[in-house]
Amino acid sequence: MAFQNQAIDISAIESVRATIHEDLVMNMSGMTSDDLIRLRINILTNIENEDKKFIYKGKNAIARAYKPGKIVRAKLGEAIERTLKVRNVITGVPDNIQNYRDKLPFSTAGVSTYGLSDKLIEKQLRLTTLAFGNQVIGGAFHAEYDPDADDPLGMYDGFLVHIGNDLEAGYISKEARNYVELKATTYAGNTPTDAECIAAYDRFIEFTRAMDKDLRKDAVVYASTSEEQNIIRGYALKFASAQTSIITQSEFVSHEARTVKLLGSDLYGSKGTKLIATRDGNFEFGLDLTNINNPGAAYMSIDKSPDDPLNAVLISMQVAAGTRVLNFNRDYLLVSNGTEPTFDGFEDGVYSVGEQNTIGGTDNEGVAGE
């Protein structure tokens with residue numbers, strides 16, 4: 001087919017999209033990112049609108065000795081609803097059909113021999129969806145739902161919103177033994193001193209000792225990336241003559257807390273001293289991927305732009321995402337005091353897509369990550 005016909009025909013792009021649509025939706029959802037898996041977050045893909053589960057919050061000290069005529073009435077506990085609500089997340093990425101043209105190898109002339117290239121189309125679509133997916137999961141901790149926000153952090157409610165709500169409701173408290181106040185934390189400068197790092201390690205150990213025995217068996221501790229580094233450095237300084245730690249893939253296990261894994265992550269925050277301990281899968285990231293081959297909660301479409309019908313296209317993407325902290329009981333969760341983790345914002349994505357089209361850029365080309 002001559003290129004003159006391809007210039008006003010997006011069927012080639014649509015054909016490639018349809019062929020790899022399931023892969024593209026996985027990219028769009030953020031499921032292909034290693035971040036959620038490394039943080040032991042449970043990924044649920046079949047959440048249509050919302051999912052409700054109930055956890056049991058028991059009561060203590062209800063048993064009494066028997067005495068004739070004595071009547072004891074006690075409440076064993078209560079079932080509390082925990083809802084995972086997914087919200088639609090959308091974007092539109094402008095692109096240009098010229099970006100999908102191929103030409104002869106080593107040719108310096110901007111003349112296409114092959115017309116639109118399926119190979120270039122596939123690479124561009126994969127790059128675009130990966131960039132979108134990384135932003136979808138980028139708010140996993142810090143997002144707070146606001147449909148009027150002109151910012152990705154308005155996408156849905158993140159984990160820290162749920163933690164805050166549970167603190168306000170009293171589900172997380174010192175009395176419930178799922179909240180602990182550690183020694184005051186201060187860093188005098190941008191580069192912590194040796195003494196400050198040792199103090200950070202001591203607070204981490206104090207935190208692990210405050211854990212319920214069942215939580216301590218297989219706990220993961222979320223920390224900001226800076227606090228993780230301070231804790232590990234503090235351990236190395238304190239036990240320089242007896243190196244018994246395991247430090248692999250940013251998982252730190254100290255000799256005093258062998259079953260507790262420290263996981264620093266930019267998703268949680270770059271700075272801040274608050275620590276959160278939980279168990280595998282208790283933090284849940286929900287997606288609606290129930291009907292991805294038809295327009296629905298998760299879908300991608302390619303359309304001509306009325307502004308430039310000969311060349312411009314619009315890549316529209318939508319997924320439905322949300323989060324839930326399932327169980328707040330002390331055998332599943334422990335939260336410390338400290339400064340809140342800070343979110344540095346969404347950075348421009350830089351992705352490698354292999355071979356590039358060398359015909360040249362266009363005025364309305366879309367760049368994923370911007």
# chains A, B, ... in the order shown; residues from 1 in each chain; ligands from 1

$ residues_around --residues "segment 149-162 of chain A" --least-positions-apart "5" --cutoff "8 Å" --atoms "only C-alpha atoms" --output "list in words"
Val86, Arg87, Asn88, Val89, Gln135, Val136, Gly139, Ala140, Phe141, His142, Ala143, Glu144, Phe283, Ala321, Gly322, Thr323, Arg324 and Val325 of chain A

$ write_last_selection --atoms "N, CA and C atoms" --output "short mmCIF file (atom, residue, chain, number, x, y, z; two decimals), in the first residue's frame"
data_model
loop_
_atom_site.label_atom_id
_atom_site.label_comp_id
_atom_site.auth_asym_id
_atom_site.auth_seq_id
_atom_site.Cartn_x
_atom_site.Cartn_y
_atom_site.Cartn_z
N VAL A 86 -12.29 0.95 43.28
CA VAL A 86 -11.45 1.33 42.14
C VAL A 86 -12.07 2.53 41.43
N ARG A 87 -11.20 3.42 40.98
CA ARG A 87 -11.62 4.63 40.28
C ARG A 87 -11.02 4.63 38.88
N ASN A 88 -11.76 5.18 37.94
CA ASN A 88 -11.25 5.26 36.57
C ASN A 88 -10.13 6.28 36.48
N VAL A 89 -9.03 5.86 35.87
CA VAL A 89 -7.87 6.72 35.64
C VAL A 89 -7.69 6.83 34.13
N GLN A 135 2.73 5.60 36.21
CA GLN A 135 2.07 6.68 36.93
C GLN A 135 0.86 6.16 37.70
N VAL A 136 0.16 5.16 37.16
CA VAL A 136 -0.99 4.60 37.86
C VAL A 136 -0.58 4.02 39.21
N GLY A 139 0.97 6.39 42.57
CA GLY A 139 0.20 6.96 43.68
C GLY A 139 -0.25 5.94 44.70
N ALA A 140 0.28 4.73 44.66
CA ALA A 140 -0.21 3.65 45.51
C ALA A 140 -0.25 4.02 46.99
N PHE A 141 0.74 4.77 47.46
CA PHE A 141 0.77 5.18 48.86
C PHE A 141 0.20 6.58 49.07
N HIS A 142 0.51 7.51 48.17
CA HIS A 142 0.27 8.92 48.46
C HIS A 142 -0.97 9.50 47.77
N ALA A 143 -1.59 8.80 46.86
CA ALA A 143 -2.75 9.35 46.16
C ALA A 143 -3.91 9.59 47.12
N GLU A 144 -4.69 10.62 46.83
CA GLU A 144 -5.93 10.90 47.56
C GLU A 144 -6.97 11.34 46.55
N PHE A 283 -1.56 -5.36 52.21
CA PHE A 283 -1.80 -4.16 51.40
C PHE A 283 -2.21 -4.63 50.01
N ALA A 321 -8.39 1.68 39.13
CA ALA A 321 -7.44 1.24 40.14
C ALA A 321 -7.83 1.77 41.52
N GLY A 322 -7.36 1.09 42.56
CA GLY A 322 -7.60 1.52 43.93
C GLY A 322 -6.79 0.67 44.89
N THR A 323 -6.84 1.01 46.17
CA THR A 323 -6.04 0.30 47.17
C THR A 323 -6.89 -0.02 48.41
N ARG A 324 -6.35 -0.94 49.21
CA ARG A 324 -6.99 -1.27 50.50
C ARG A 324 -5.94 -1.81 51.45
N VAL A 325 -6.00 -1.38 52.71
CA VAL A 325 -5.28 -2.04 53.79
C VAL A 325 -6.29 -2.96 54.44
#

$ residues_around --residues "Ser29 of chain A" --least-positions-apart "2" --cutoff "12 Å" --atoms "only C-alpha atoms" --output "MDAnalysis selection string"
chainID A and resid 22:27 31:33 36 43:45 86 88:90 129:138 140 285:289 292 297:300 317:322

$ closest_residue --among "A:Gly234, A:Gly189, A:Gly30, A:Gly164" --to "Glu340 of chain A" --atoms "only C-alpha atoms"
A:Gly164

$ select_by_dssp --residues "segment 141-261 of chain A" --states "strand (DSSP E or B)" --output "list in words"
Tyr179, Val180, Ala219, Val220, Val221, Tyr222, Ala223, Ile246, Ile247, Thr248, Glu251, Phe252, Val253, Ser254, Ala257, Arg258, Thr259, Val260 and Lys261 of chain A

$ select_by_dssp --residues "segment 152-221 of chain A" --states "helix (DSSP H, G or I)" --output "number ranges by chain"
A: 152-154, 159-169, 194-209, 213-216

$ write_last_selection --atoms "N, CA and C atoms" --output "JSON list (two decimals), in the first residue's frame"
[["chain", "number", "residue", "atom", "x", "y", "z"],
["A", 152, "PRO", "N", -1.80, 13.59, 38.98],
["A", 152, "PRO", "CA", -2.02, 12.14, 39.13],
["A", 152, "PRO", "C", -2.36, 11.71, 40.56],
["A", 153, "LEU", "N", -2.00, 12.51, 41.57],
["A", 153, "LEU", "CA", -2.28, 12.12, 42.95],
["A", 153, "LEU", "C", -3.77, 12.17, 43.29],
["A", 154, "GLY", "N", -4.60, 12.66, 42.38],
["A", 154, "GLY", "CA", -6.04, 12.63, 42.61],
["A", 154, "GLY", "C", -6.71, 11.37, 42.09],
["A", 159, "PHE", "N", -2.64, 3.99, 50.09],
["A", 159, "PHE", "CA", -2.53, 3.28, 51.37],
["A", 159, "PHE", "C", -2.44, 4.25, 52.56],
["A", 160, "LEU", "N", -1.72, 5.35, 52.41],
["A", 160, "LEU", "CA", -1.56, 6.26, 53.54],
["A", 160, "LEU", "C", -2.87, 6.96, 53.90],
["A", 161, "VAL", "N", -3.77, 7.13, 52.94],
["A", 161, "VAL", "CA", -5.10, 7.66, 53.25],
["A", 161, "VAL", "C", -5.85, 6.69, 54.14],
["A", 162, "HIS", "N", -5.77, 5.39, 53.82],
["A", 162, "HIS", "CA", -6.47, 4.39, 54.63],
["A", 162, "HIS", "C", -5.87, 4.31, 56.04],
["A", 163, "ILE", "N", -4.53, 4.39, 56.13],
["A", 163, "ILE", "CA", -3.89, 4.39, 57.44],
["A", 163, "ILE", "C", -4.36, 5.59, 58.26],
["A", 164, "GLY", "N", -4.41, 6.76, 57.62],
["A", 164, "GLY", "CA", -4.88, 7.96, 58.31],
["A", 164, "GLY", "C", -6.32, 7.83, 58.77],
["A", 165, "ASN", "N", -7.18, 7.26, 57.94],
["A", 165, "ASN", "CA", -8.58, 7.07, 58.32],
["A", 165, "ASN", "C", -8.71, 6.12, 59.51],
["A", 166, "ASP", "N", -7.90, 5.06, 59.52],
["A", 166, "ASP", "CA", -7.96, 4.10, 60.62],
["A", 166, "ASP", "C", -7.42, 4.70, 61.92],
["A", 167, "LEU", "N", -6.42, 5.57, 61.82],
["A", 167, "LEU", "CA", -5.94, 6.29, 63.00],
["A", 167, "LEU", "C", -7.04, 7.19, 63.55],
["A", 168, "GLU", "N", -7.72, 7.89, 62.67],
["A", 168, "GLU", "CA", -8.79, 8.80, 63.10],
["A", 168, "GLU", "C", -9.96, 8.04, 63.71],
["A", 169, "ALA", "N", -10.25, 6.85, 63.17],
["A", 169, "ALA", "CA", -11.36, 6.05, 63.68],
["A", 169, "ALA", "C", -11.00, 5.30, 64.96],
["A", 194, "ASP", "N", 27.18, 9.66, 61.96],
["A", 194, "ASP", "CA", 27.25, 8.27, 62.41],
["A", 194, "ASP", "C", 26.31, 8.02, 63.58],
["A", 195, "ALA", "N", 26.30, 8.95, 64.52],
["A", 195, "ALA", "CA", 25.45, 8.79, 65.70],
["A", 195, "ALA", "C", 23.97, 8.78, 65.31],
["A", 196, "GLU", "N", 23.60, 9.62, 64.36],
["A", 196, "GLU", "CA", 22.20, 9.65, 63.91],
["A", 196, "GLU", "C", 21.80, 8.36, 63.21],
["A", 197, "CYS", "N", 22.72, 7.78, 62.43],
["A", 197, "CYS", "CA", 22.42, 6.51, 61.76],
["A", 197, "CYS", "C", 22.30, 5.37, 62.77],
["A", 198, "ILE", "N", 23.16, 5.37, 63.79],
["A", 198, "ILE", "CA", 23.05, 4.35, 64.83],
["A", 198, "ILE", "C", 21.73, 4.49, 65.57],
["A", 199, "ALA", "N", 21.31, 5.74, 65.81],
["A", 199, "ALA", "CA", 20.01, 5.98, 66.46],
["A", 199, "ALA", "C", 18.87, 5.49, 65.57],
["A", 200, "ALA", "N", 18.99, 5.65, 64.25],
["A", 200, "ALA", "CA", 17.96, 5.16, 63.32],
["A", 200, "ALA", "C", 17.85, 3.64, 63.40],
["A", 201, "TYR", "N", 19.02, 2.97, 63.48],
["A", 201, "TYR", "CA", 19.00, 1.51, 63.61],
["A", 201, "TYR", "C", 18.37, 1.11, 64.94],
["A", 202, "ASP", "N", 18.70, 1.80, 66.02],
["A", 202, "ASP", "CA", 18.13, 1.47, 67.32],
["A", 202, "ASP", "C", 16.62, 1.64, 67.32],
["A", 203, "ARG", "N", 16.12, 2.67, 66.61],
["A", 203, "ARG", "CA", 14.66, 2.87, 66.52],
["A", 203, "ARG", "C", 14.03, 1.72, 65.74],
["A", 204, "PHE", "N", 14.71, 1.26, 64.69],
["A", 204, "PHE", "CA", 14.20, 0.14, 63.92],
["A", 204, "PHE", "C", 14.06, -1.11, 64.80],
["A", 205, "ILE", "N", 15.07, -1.36, 65.63],
["A", 205, "ILE", "CA", 15.01, -2.51, 66.53],
["A", 205, "ILE", "C", 13.91, -2.32, 67.56],
["A", 206, "GLU", "N", 13.78, -1.10, 68.08],
["A", 206, "GLU", "CA", 12.68, -0.80, 69.01],
["A", 206, "GLU", "C", 11.34, -1.07, 68.35],
["A", 207, "PHE", "N", 11.23, -0.73, 67.08],
["A", 207, "PHE", "CA", 10.00, -0.96, 66.32],
["A", 207, "PHE", "C", 9.72, -2.45, 66.18],
["A", 208, "THR", "N", 10.73, -3.24, 65.85],
["A", 208, "THR", "CA", 10.52, -4.69, 65.69],
["A", 208, "THR", "C", 10.13, -5.33, 67.02],
["A", 209, "ARG", "N", 10.66, -4.83, 68.12],
["A", 209, "ARG", "CA", 10.32, -5.40, 69.43],
["A", 209, "ARG", "C", 8.90, -5.08, 69.85],
["A", 213, "LYS", "N", 3.84, -10.92, 68.20],
["A", 213, "LYS", "CA", 4.69, -12.08, 67.88],
["A", 213, "LYS", "C", 4.32, -12.72, 66.55],
["A", 214, "ASP", "N", 3.04, -12.71, 66.18],
["A", 214, "ASP", "CA", 2.64, -13.30, 64.89],
["A", 214, "ASP", "C", 3.05, -12.41, 63.72],
["A", 215, "LEU", "N", 3.01, -11.10, 63.92],
["A", 215, "LEU", "CA", 3.46, -10.18, 62.86],
["A", 215, "LEU", "C", 4.96, -10.32, 62.66],
["A", 216, "ARG", "N", 5.70, -10.46, 63.75],
["A", 216, "ARG", "CA", 7.16, -10.52, 63.66],
["A", 216, "ARG", "C", 7.64, -11.75, 62.90]]

$ residues_around --residues "Arg330 of chain A" --least-positions-apart "2" --cutoff "8 Å" --atoms "only C-alpha atoms" --output "number ranges by chain"
A: 176-178, 211-212, 215, 328, 332-334

$ write_last_selection --atoms "N, CA and C atoms" --output "PDB file, in the first residue's frame"
ATOM      1  N   ALA A 176      -4.730  -0.318  71.017  1.00  0.00           N
ATOM      2  CA  ALA A 176      -4.917  -1.507  70.179  1.00  0.00           C
ATOM      3  C   ALA A 176      -3.605  -2.223  69.894  1.00  0.00           C
ATOM      4  N   ARG A 177      -2.499  -1.633  70.331  1.00  0.00           N
ATOM      5  CA  ARG A 177      -1.160  -2.197  70.198  1.00  0.00           C
ATOM      6  C   ARG A 177      -0.741  -2.386  68.738  1.00  0.00           C
ATOM      7  N   ASN A 178      -1.290  -1.548  67.873  1.00  0.00           N
ATOM      8  CA  ASN A 178      -0.824  -1.524  66.481  1.00  0.00           C
ATOM      9  C   ASN A 178      -0.260  -0.150  66.114  1.00  0.00           C
ATOM     10  N   MET A 211       6.417  -5.256  67.822  1.00  0.00           N
ATOM     11  CA  MET A 211       5.512  -6.033  66.968  1.00  0.00           C
ATOM     12  C   MET A 211       4.860  -7.175  67.737  1.00  0.00           C
ATOM     13  N   ASP A 212       3.632  -7.467  67.380  1.00  0.00           N
ATOM     14  CA  ASP A 212       2.986  -8.685  67.852  1.00  0.00           C
ATOM     15  C   ASP A 212       3.804  -9.887  67.393  1.00  0.00           C
ATOM     16  N   LEU A 215       3.008 -11.101  63.919  1.00  0.00           N
ATOM     17  CA  LEU A 215       3.460 -10.184  62.864  1.00  0.00           C
ATOM     18  C   LEU A 215       4.963 -10.321  62.656  1.00  0.00           C
ATOM     19  N   PHE A 328      -6.209  -4.323  60.017  1.00  0.00           N
ATOM     20  CA  PHE A 328      -5.485  -3.381  60.868  1.00  0.00           C
ATOM     21  C   PHE A 328      -5.151  -3.975  62.237  1.00  0.00           C
ATOM     22  N   TYR A 332      -1.314  -8.040  62.127  1.00  0.00           N
ATOM     23  CA  TYR A 332      -1.136  -7.751  60.705  1.00  0.00           C
ATOM     24  C   TYR A 332      -0.555  -6.371  60.430  1.00  0.00           C
ATOM     25  N   LEU A 333      -0.530  -5.499  61.430  1.00  0.00           N
ATOM     26  CA  LEU A 333      -0.133  -4.120  61.157  1.00  0.00           C
ATOM     27  C   LEU A 333       0.471  -3.474  62.401  1.00  0.00           C
ATOM     28  N   LEU A 334       1.517  -2.689  62.170  1.00  0.00           N
ATOM     29  CA  LEU A 334       2.077  -1.835  63.212  1.00  0.00           C
ATOM     30  C   LEU A 334       2.558  -0.554  62.550  1.00  0.00           C
TER      31      LEU A 334
END

$ atom_distance --atom1 "atom CA of Thr193 of chain A" --atom2 "atom CA of Arg233 of chain A"
10.1 Å

$ atom_distance --atom1 "atom CA of Gly170 of chain A" --atom2 "atom CA of Ile231 of chain A"
29.6 Å

$ residues_around --residues "Lys53 of chain A" --least-positions-apart "2" --cutoff "7 Å" --atoms "only C-alpha atoms" --output "PyMOL selection string"
chain A and resi 51+55+81-83

$ write_last_selection --atoms "C-alpha atoms" --output "PDB file, in the first residue's frame"
ATOM      1  CA  ASP A  51     -14.923  -5.232  46.650  1.00  0.00           C
ATOM      2  CA  ILE A  55     -12.362  -8.551  59.285  1.00  0.00           C
ATOM      3  CA  GLU A  81     -16.192  -3.798  56.553  1.00  0.00           C
ATOM      4  CA  ARG A  82     -13.097  -3.096  54.466  1.00  0.00           C
ATOM      5  CA  THR A  83     -13.867  -1.781  50.982  1.00  0.00           C
TER       6      THR A  83
END

$ atom_distance --atom1 "atom CA of Leu314 of chain A" --atom2 "atom CA of Leu120 of chain A"
16.5 Å

$ closest_residue --among "A:Tyr268, A:Phe54, A:Phe346, A:Tyr100" --to "Tyr222 of chain A" --atoms "only C-alpha atoms"
A:Tyr268

$ residues_around --residues "Ile20 of chain A" --least-positions-apart "6" --cutoff "10 Å" --atoms "only C-alpha atoms" --output "PyMOL selection string"
chain A and resi 122+125-126
